[in-house]
Amino acid sequence: MARLDLNPPVQFISLFANRILLSSLLVFGTYNPSGNSYHHWLMRTETLTVPQVFVGIMLFIGWVTMARMAFLSIGYFGVGAISLMVLMGITFGVGLDFFAFEDVRITTYLVLFWIALVMGIGTSWSFVQKRISGERDVLRNPP
Amino acid sequence: MHNFGFIDGLLRWLTSMMLVLGTYNPYAMSYYQWLHEYPGQIPLKITVGVVLLILHVVAILSSVRSLGLIGIGLLTALFASGAWVLIDNHLLNVEDPRVFTLTLLVILATLYGVGLSWSHLRNRLSGQVDSTDVTFNSPV
């Protein structure tokens, strides 16, 4: 199934969009300021109920797998590079007069989307690397 | 190119279900009951037993390799809490020891199924490939 000599074209837009959507679902499902999230569900009840434990473990598994896959793909350098690109995007937007510095607000939504963006691009990166240079990311000792 | 889809995962889960419940289940015919309640047919019993043993070893080793101890622990916690949700809503009656045994067996079979699918899923989701270094003699 997974032949090493095959290097089919990759649909980059759907690749990134799907994975960023998936990681956004995870991040915003765990916490978001609108009041409908796992965190707020936990805060609403005094004691931990059984469905909350179940959903909590499910979210935890999602976080472990997604964050680990992303980090294995891009590492510290990738996380730094994507964060730098977000900051440079804000700076260049100001420099090119798209908006003023006073209008830039680092809201909770921005930070959450930032985390989702890093996780989404991290999980997509192995496909991009395989396509552009033919190098596969391999886990030798799968955990 | 064939992407690992829902059907492939379902097939793996059904196969591991058949393997586990065929080896032992508290309700109907299984290898265990055949061994204990029906005399004779010793060579056939030995052959079937060895085949079942090989299948279990393959399933356990690939589960341990692809999920690891952390993954198996997390998944067991997930399935146990799922069963707890069902028990809490009176959908599962574990007072009956046969239902309790069946629940444990289904959890084991689902672990086998996820273990057999996880390397494919990881490859589909993130493009990373699980591999085993066969020049290095790892215990699993």
# chains A, B, ... in the order shown; residues from 1 in each chain; ligands from 1
$ interface_residues --of "chain B" --to "chain A" --cutoff "9 Å" --atoms "only C-alpha atoms" --output "PyMOL selection string"
chain B and resi 1-3+64-71+74-75+77-82+84-85+88+122+125-133
$ write_last_selection --atoms "C-alpha atoms" --output "PDB file, in the first residue's frame"
ATOM      1  CA  MET B   1      -3.226   4.758  -3.999  1.00  0.00           C
ATOM      2  CA  HIS B   2      -5.718   3.466  -1.518  1.00  0.00           C
ATOM      3  CA  ASN B   3      -6.464   5.572   1.528  1.00  0.00           C
ATOM      4  CA  VAL B  64       1.977  -2.884  21.400  1.00  0.00           C
ATOM      5  CA  ARG B  65       4.209  -1.694  18.570  1.00  0.00           C
ATOM      6  CA  SER B  66       1.826   0.847  17.123  1.00  0.00           C
ATOM      7  CA  LEU B  67       0.103   2.140  20.260  1.00  0.00           C
ATOM      8  CA  GLY B  68       2.729   1.662  22.930  1.00  0.00           C
ATOM      9  CA  LEU B  69       1.988   1.277  26.593  1.00  0.00           C
ATOM     10  CA  ILE B  70       0.784   4.889  26.870  1.00  0.00           C
ATOM     11  CA  GLY B  71      -1.660   4.465  24.001  1.00  0.00           C
ATOM     12  CA  LEU B  74      -5.270   5.772  27.349  1.00  0.00           C
ATOM     13  CA  LEU B  75      -7.528   3.655  25.138  1.00  0.00           C
ATOM     14  CA  ALA B  77      -9.290   4.295  30.117  1.00  0.00           C
ATOM     15  CA  LEU B  78     -11.458   5.607  27.261  1.00  0.00           C
ATOM     16  CA  PHE B  79     -13.312   2.330  26.728  1.00  0.00           C
ATOM     17  CA  ALA B  80     -13.696   1.750  30.459  1.00  0.00           C
ATOM     18  CA  SER B  81     -15.219   5.200  30.917  1.00  0.00           C
ATOM     19  CA  GLY B  82     -17.446   4.563  27.886  1.00  0.00           C
ATOM     20  CA  TRP B  84     -19.161   3.366  32.728  1.00  0.00           C
ATOM     21  CA  VAL B  85     -21.374   5.848  30.834  1.00  0.00           C
ATOM     22  CA  ASP B  88     -24.698   4.742  34.527  1.00  0.00           C
ATOM     23  CA  ARG B 122      -1.335   7.952  11.734  1.00  0.00           C
ATOM     24  CA  LEU B 125      -3.579  11.845   9.289  1.00  0.00           C
ATOM     25  CA  SER B 126      -0.018  13.119   9.530  1.00  0.00           C
ATOM     26  CA  GLY B 127       1.989  11.370   6.805  1.00  0.00           C
ATOM     27  CA  GLN B 128       4.337   9.824   9.359  1.00  0.00           C
ATOM     28  CA  VAL B 129       5.297   6.185   8.909  1.00  0.00           C
ATOM     29  CA  ASP B 130       5.598   3.686  11.751  1.00  0.00           C
ATOM     30  CA  SER B 131       8.444   1.269  11.240  1.00  0.00           C
ATOM     31  CA  THR B 132      10.282  -1.435  13.088  1.00  0.00           C
ATOM     32  CA  ASP B 133      14.047  -1.526  13.009  1.00  0.00           C
TER      33      ASP B 133
END
$ residues_around --residues "region 17-32 of chain B" --least-positions-apart "2" --cutoff "6 Å" --atoms "only C-alpha atoms" --output "list in words"
Leu14, Thr15, Trp34, Leu35, Arg98 and Ala109 of chain B
$ select_by_dssp --residues "chain B" --states "helix (DSSP H, G or I)" --output "ChimeraX atom specification"
/B:6-23,31-37,42-88,97-126
